[in-house]
$ cat structure24.cif   # mmCIF, C-alpha atoms and all ligand atoms
data_coords
#
loop_
_atom_site.label_atom_id
_atom_site.label_comp_id
_atom_site.auth_asym_id
_atom_site.auth_seq_id
_atom_site.Cartn_x
_atom_site.Cartn_y
_atom_site.Cartn_z
CA MET A 55 103.80 127.44 92.60
CA SER A 56 101.45 128.71 89.88
CA LYS A 57 100.17 132.27 89.89
CA LYS A 58 96.64 131.04 90.63
CA THR A 59 97.75 129.04 93.69
CA ALA A 60 99.65 132.04 94.99
CA VAL A 61 96.55 134.27 94.72
CA LEU A 62 94.43 131.63 96.48
CA ASN A 63 96.98 131.43 99.27
CA ILE A 64 96.85 135.20 99.78
CA VAL A 65 93.04 135.13 99.92
CA GLY A 66 93.28 132.29 102.43
CA VAL A 67 95.56 134.33 104.69
CA MET A 68 93.25 137.35 104.45
CA VAL A 69 90.18 135.29 105.38
CA ALA A 70 92.06 133.77 108.32
CA GLY A 71 92.99 137.29 109.42
CA LEU A 72 89.38 138.48 109.29
CA ILE A 73 88.22 135.49 111.31
CA SER A 74 90.76 136.13 114.07
CA ILE A 75 89.80 139.83 114.25
CA SER A 76 86.12 139.01 114.68
CA GLN A 77 86.99 136.44 117.35
CA VAL A 78 88.87 139.09 119.31
CA GLN A 79 85.91 141.48 119.05
CA ALA A 80 83.54 138.75 120.22
CA ALA A 81 85.82 138.04 123.18
CA ASN A 82 85.90 141.73 124.17
CA HIS A 83 82.17 142.03 123.83
CA GLY A 84 81.70 138.96 126.01
CA ALA A 85 83.82 140.52 128.72
CA ALA A 86 81.57 143.61 129.01
CA VAL A 87 83.92 145.15 131.56
CA ASN A 88 84.95 148.77 131.03
CA VAL A 89 88.41 149.42 132.33
CA GLU A 90 89.21 153.04 133.21
CA ASP A 91 92.21 154.88 134.64
CA ALA A 92 94.48 151.84 134.53
CA TYR A 93 98.02 152.56 135.66
CA VAL A 94 101.14 150.75 136.71
CA ARG A 95 103.12 152.32 139.53
CA MET A 96 106.72 152.74 138.43
CA PRO A 97 108.82 150.53 140.72
CA ILE A 98 111.35 152.01 143.11
CA PRO A 99 114.73 151.87 141.29
CA GLY A 100 116.29 148.47 141.74
CA ARG A 101 113.01 146.82 142.74
CA THR A 102 111.21 144.32 140.55
CA MET A 103 107.90 144.50 142.38
CA SER A 104 105.07 147.00 141.98
CA ALA A 105 101.31 147.25 141.64
CA ALA A 106 98.68 148.15 139.08
CA PHE A 107 95.42 149.98 139.75
CA MET A 108 92.26 150.60 137.72
CA LYS A 109 88.50 150.92 137.78
CA LEU A 110 86.59 147.87 136.57
CA GLU A 111 83.02 148.64 135.54
CA ASN A 112 80.86 145.61 134.85
CA THR A 113 78.35 146.94 132.33
CA SER A 114 76.60 143.60 131.90
CA ASP A 115 73.66 142.24 133.87
CA GLN A 116 75.63 139.28 135.12
CA LYS A 117 78.40 139.14 137.66
CA ARG A 118 81.87 138.63 136.29
CA VAL A 119 84.80 137.09 138.09
CA LEU A 120 88.36 138.18 137.43
CA THR A 121 90.60 135.17 137.97
CA SER A 122 94.01 136.15 136.63
CA ALA A 123 96.09 138.75 134.89
CA LYS A 124 99.24 138.49 132.85
CA ALA A 125 101.69 140.70 130.99
CA ASP A 126 104.84 140.01 129.05
CA TRP A 127 106.80 142.60 131.11
CA ALA A 128 106.06 140.88 134.44
CA LYS A 129 106.91 137.38 135.57
CA SER A 130 103.67 136.98 137.48
CA ILE A 131 100.65 138.99 138.58
CA GLU A 132 98.51 138.29 141.64
CA ILE A 133 95.22 139.80 142.73
CA HIS A 134 95.74 141.33 146.18
CA THR A 135 93.65 142.98 148.83
CA HIS A 136 94.57 144.74 152.06
CA THR A 137 93.32 143.60 155.43
CA HIS A 138 93.71 145.16 158.86
CA GLU A 139 94.88 142.71 161.51
CA ASN A 140 95.33 144.14 165.01
CA GLY A 141 95.90 147.57 163.55
CA VAL A 142 98.48 146.33 161.07
CA MET A 143 97.71 146.57 157.38
CA LYS A 144 98.66 143.46 155.46
CA MET A 145 98.43 142.43 151.85
CA ARG A 146 96.76 139.17 151.03
CA GLU A 147 96.39 137.30 147.77
CA ILE A 148 92.86 136.48 146.68
CA SER A 149 92.15 133.76 144.14
CA SER A 150 89.52 135.78 142.30
CA LEU A 151 87.76 139.12 142.34
CA GLU A 152 84.02 139.33 141.91
CA LEU A 153 82.62 142.17 139.80
CA PRO A 154 78.91 142.50 140.58
CA ALA A 155 76.56 143.26 137.66
CA GLY A 156 76.26 146.97 136.91
CA LYS A 157 78.83 147.93 139.54
CA THR A 158 82.30 149.47 139.46
CA VAL A 159 85.06 147.90 141.52
CA GLU A 160 88.06 150.14 142.18
CA LEU A 161 91.58 148.88 142.51
CA GLU A 162 93.35 151.67 144.40
CA PRO A 163 96.33 152.23 146.69
CA GLY A 164 95.56 150.87 150.16
CA GLY A 165 92.90 148.53 148.78
CA LEU A 166 92.55 146.04 145.99
CA HIS A 167 95.40 145.94 143.51
CA LEU A 168 97.19 143.77 141.01
CA MET A 169 100.56 142.84 142.48
CA LEU A 170 103.28 142.71 139.87
CA PHE A 171 106.31 140.47 140.35
CA GLY A 172 109.50 140.02 138.38
CA LEU A 173 109.21 143.27 136.47
CA HIS A 174 111.45 143.87 133.49
CA SER A 175 113.94 146.68 134.08
CA GLU A 176 112.56 148.63 131.10
CA LEU A 177 108.80 148.93 131.31
CA PRO A 178 106.82 150.18 128.32
CA ALA A 179 105.36 153.69 128.65
CA LYS A 180 101.94 152.19 128.01
CA PRO A 181 102.09 148.74 129.58
CA GLN A 182 99.57 146.28 128.22
CA LEU A 183 98.11 143.58 130.36
CA SER A 184 95.58 140.90 129.87
CA LEU A 185 92.72 140.36 132.35
CA CYS A 186 91.16 136.91 132.33
CA TYR A 187 87.75 135.97 133.65
CA GLN A 188 86.21 132.79 135.01
CA ASP A 189 84.44 132.06 131.73
CA GLY A 190 87.76 131.96 129.90
CA HIS A 191 87.48 135.38 128.26
CA CYS A 192 90.57 137.54 128.39
CA GLN A 193 90.63 141.28 127.81
CA GLN A 194 93.54 143.47 126.71
CA VAL A 195 94.04 146.58 128.80
CA THR A 196 96.44 149.44 128.12
CA ALA A 197 97.69 151.15 131.25
CA GLU A 198 99.81 154.23 131.93
CA LEU A 199 103.15 153.99 133.63
CA LYS A 200 103.07 156.45 136.55
CA ASP A 201 105.96 157.74 138.58
CA MET A 202 104.31 158.27 141.97
CA ARG A 203 107.24 160.24 143.40
CA LYS A 204 106.48 163.19 141.10
CU CU A 301 100.07 143.39 147.04
#

$ encode --input "structure24.cif" --output "structure tokens"
Amino acid sequence: MSKKTAVLNIVGVMVAGLISISQVQAANHGAAVNVEDAYVRMPIPGRTMSAAFMKLENTSDQKRVLTSAKADWAKSIEIHTHTHENGVMKMREISSLELPAGKTVELEPGGLHLMLFGLHSELPAKPQLSLCYQDGHCQQVTAELKDMRK
């Protein structure tokens, strides 16, 4: 490879890098959902199931619909809600979660939550997860790992 070709290759890689960064920024901007206070509840020792909670603020003037979530430290993630049936509280999976324009939807213990299945035994201190919306946009979220027994 000549010196000139090598330089051109490097420039090519740099341009490709810049394009992918701007695509990520565009995707985040499109999402227009502010995520606050995101945390993953540390599972009970020996368990591989837990839940994640957060506040989702839709700052846009259009409703947004959360359809899925994924993380590389969990086998699968479901959107859950709680319902009361004859005085018994039950969890139920919902296929999507609507975020009305300009409103904040809270995922909190006893209510809406992200149910985490197949957790890795070592969870990162700041678990990252990806929230995906109906329009195909996905958003990276950094959560805290919280030990609720403390
Ligand atoms: Cu659940």

$ residues_near_ligand --input "structure24.cif" --ligand "ligand CU 301 (chain A)" --cutoff "12 Å" --atoms "all atoms listed in the file" --output "CSV table (one decimal) with C-alpha atoms, in the coordinates of the input"
chain,number,residue,atom,x,y,z
A,103,MET,CA,107.9,144.5,142.4
A,104,SER,CA,105.1,147.0,142.0
A,105,ALA,CA,101.3,147.2,141.6
A,106,ALA,CA,98.7,148.2,139.1
A,107,PHE,CA,95.4,150.0,139.8
A,131,ILE,CA,100.6,139.0,138.6
A,132,GLU,CA,98.5,138.3,141.6
A,133,ILE,CA,95.2,139.8,142.7
A,134,HIS,CA,95.7,141.3,146.2
A,135,THR,CA,93.6,143.0,148.8
A,136,HIS,CA,94.6,144.7,152.1
A,137,THR,CA,93.3,143.6,155.4
A,143,MET,CA,97.7,146.6,157.4
A,144,LYS,CA,98.7,143.5,155.5
A,145,MET,CA,98.4,142.4,151.8
A,146,ARG,CA,96.8,139.2,151.0
A,147,GLU,CA,96.4,137.3,147.8
A,148,ILE,CA,92.9,136.5,146.7
A,161,LEU,CA,91.6,148.9,142.5
A,162,GLU,CA,93.4,151.7,144.4
A,163,PRO,CA,96.3,152.2,146.7
A,164,GLY,CA,95.6,150.9,150.2
A,165,GLY,CA,92.9,148.5,148.8
A,166,LEU,CA,92.6,146.0,146.0
A,167,HIS,CA,95.4,145.9,143.5
A,168,LEU,CA,97.2,143.8,141.0
A,169,MET,CA,100.6,142.8,142.5
A,170,LEU,CA,103.3,142.7,139.9
A,171,PHE,CA,106.3,140.5,140.4

$ closest_residue --input "structure24.cif" --among "A:Thr113, A:Asn88, A:Ser130, A:Thr121" --to "A:Leu173" --atoms "all atoms listed in the file"
A:Ser130

$ residues_around --input "structure24.cif" --residues "A:Met96" --least-positions-apart "2" --cutoff "12 Å" --atoms "all atoms listed in the file" --output "PDB file with C-alpha atoms, in the coordinates of the input"
ATOM      1  CA  TYR A  93      98.020 152.560 135.660  1.00  0.00           C
ATOM      2  CA  VAL A  94     101.140 150.750 136.710  1.00  0.00           C
ATOM      3  CA  ILE A  98     111.350 152.010 143.110  1.00  0.00           C
ATOM      4  CA  PRO A  99     114.730 151.870 141.290  1.00  0.00           C
ATOM      5  CA  GLY A 100     116.290 148.470 141.740  1.00  0.00           C
ATOM      6  CA  ARG A 101     113.010 146.820 142.740  1.00  0.00           C
ATOM      7  CA  THR A 102     111.210 144.320 140.550  1.00  0.00           C
ATOM      8  CA  MET A 103     107.900 144.500 142.380  1.00  0.00           C
ATOM      9  CA  SER A 104     105.070 147.000 141.980  1.00  0.00           C
ATOM     10  CA  ALA A 105     101.310 147.250 141.640  1.00  0.00           C
ATOM     11  CA  ALA A 106      98.680 148.150 139.080  1.00  0.00           C
ATOM     12  CA  PHE A 107      95.420 149.980 139.750  1.00  0.00           C
ATOM     13  CA  LEU A 170     103.280 142.710 139.870  1.00  0.00           C
ATOM     14  CA  LEU A 173     109.210 143.270 136.470  1.00  0.00           C
ATOM     15  CA  HIS A 174     111.450 143.870 133.490  1.00  0.00           C
ATOM     16  CA  SER A 175     113.940 146.680 134.080  1.00  0.00           C
ATOM     17  CA  GLU A 176     112.560 148.630 131.100  1.00  0.00           C
ATOM     18  CA  LEU A 177     108.800 148.930 131.310  1.00  0.00           C
ATOM     19  CA  PRO A 178     106.820 150.180 128.320  1.00  0.00           C
ATOM     20  CA  ALA A 179     105.360 153.690 128.650  1.00  0.00           C
ATOM     21  CA  LYS A 180     101.940 152.190 128.010  1.00  0.00           C
ATOM     22  CA  PRO A 181     102.090 148.740 129.580  1.00  0.00           C
ATOM     23  CA  ALA A 197      97.690 151.150 131.250  1.00  0.00           C
ATOM     24  CA  GLU A 198      99.810 154.230 131.930  1.00  0.00           C
ATOM     25  CA  LEU A 199     103.150 153.990 133.630  1.00  0.00           C
ATOM     26  CA  LYS A 200     103.070 156.450 136.550  1.00  0.00           C
ATOM     27  CA  ASP A 201     105.960 157.740 138.580  1.00  0.00           C
ATOM     28  CA  MET A 202     104.310 158.270 141.970  1.00  0.00           C
ATOM     29  CA  ARG A 203     107.240 160.240 143.400  1.00  0.00           C
ATOM     30  CA  LYS A 204     106.480 163.190 141.100  1.00  0.00           C
TER      31      LYS A 204
END

$ atom_distance --input "structure24.cif" --atom1 "atom CA of A:Cys192" --atom2 "atom CA of A:Lys157"
19.2 Å

$ atom_distance --input "structure24.cif" --atom1 "atom CA of A:Leu110" --atom2 "atom CA of A:Ala92"
9.1 Å

$ atom_distance --input "structure24.cif" --atom1 "atom CA of A:Lys129" --atom2 "atom CA of A:Asn112"
27.3 Å

$ closest_residue --input "structure24.cif" --among "A:Ala123, A:Leu151, A:Val142, A:Met108" --to "A:Gln193" --atoms "only C-alpha atoms"
A:Ala123
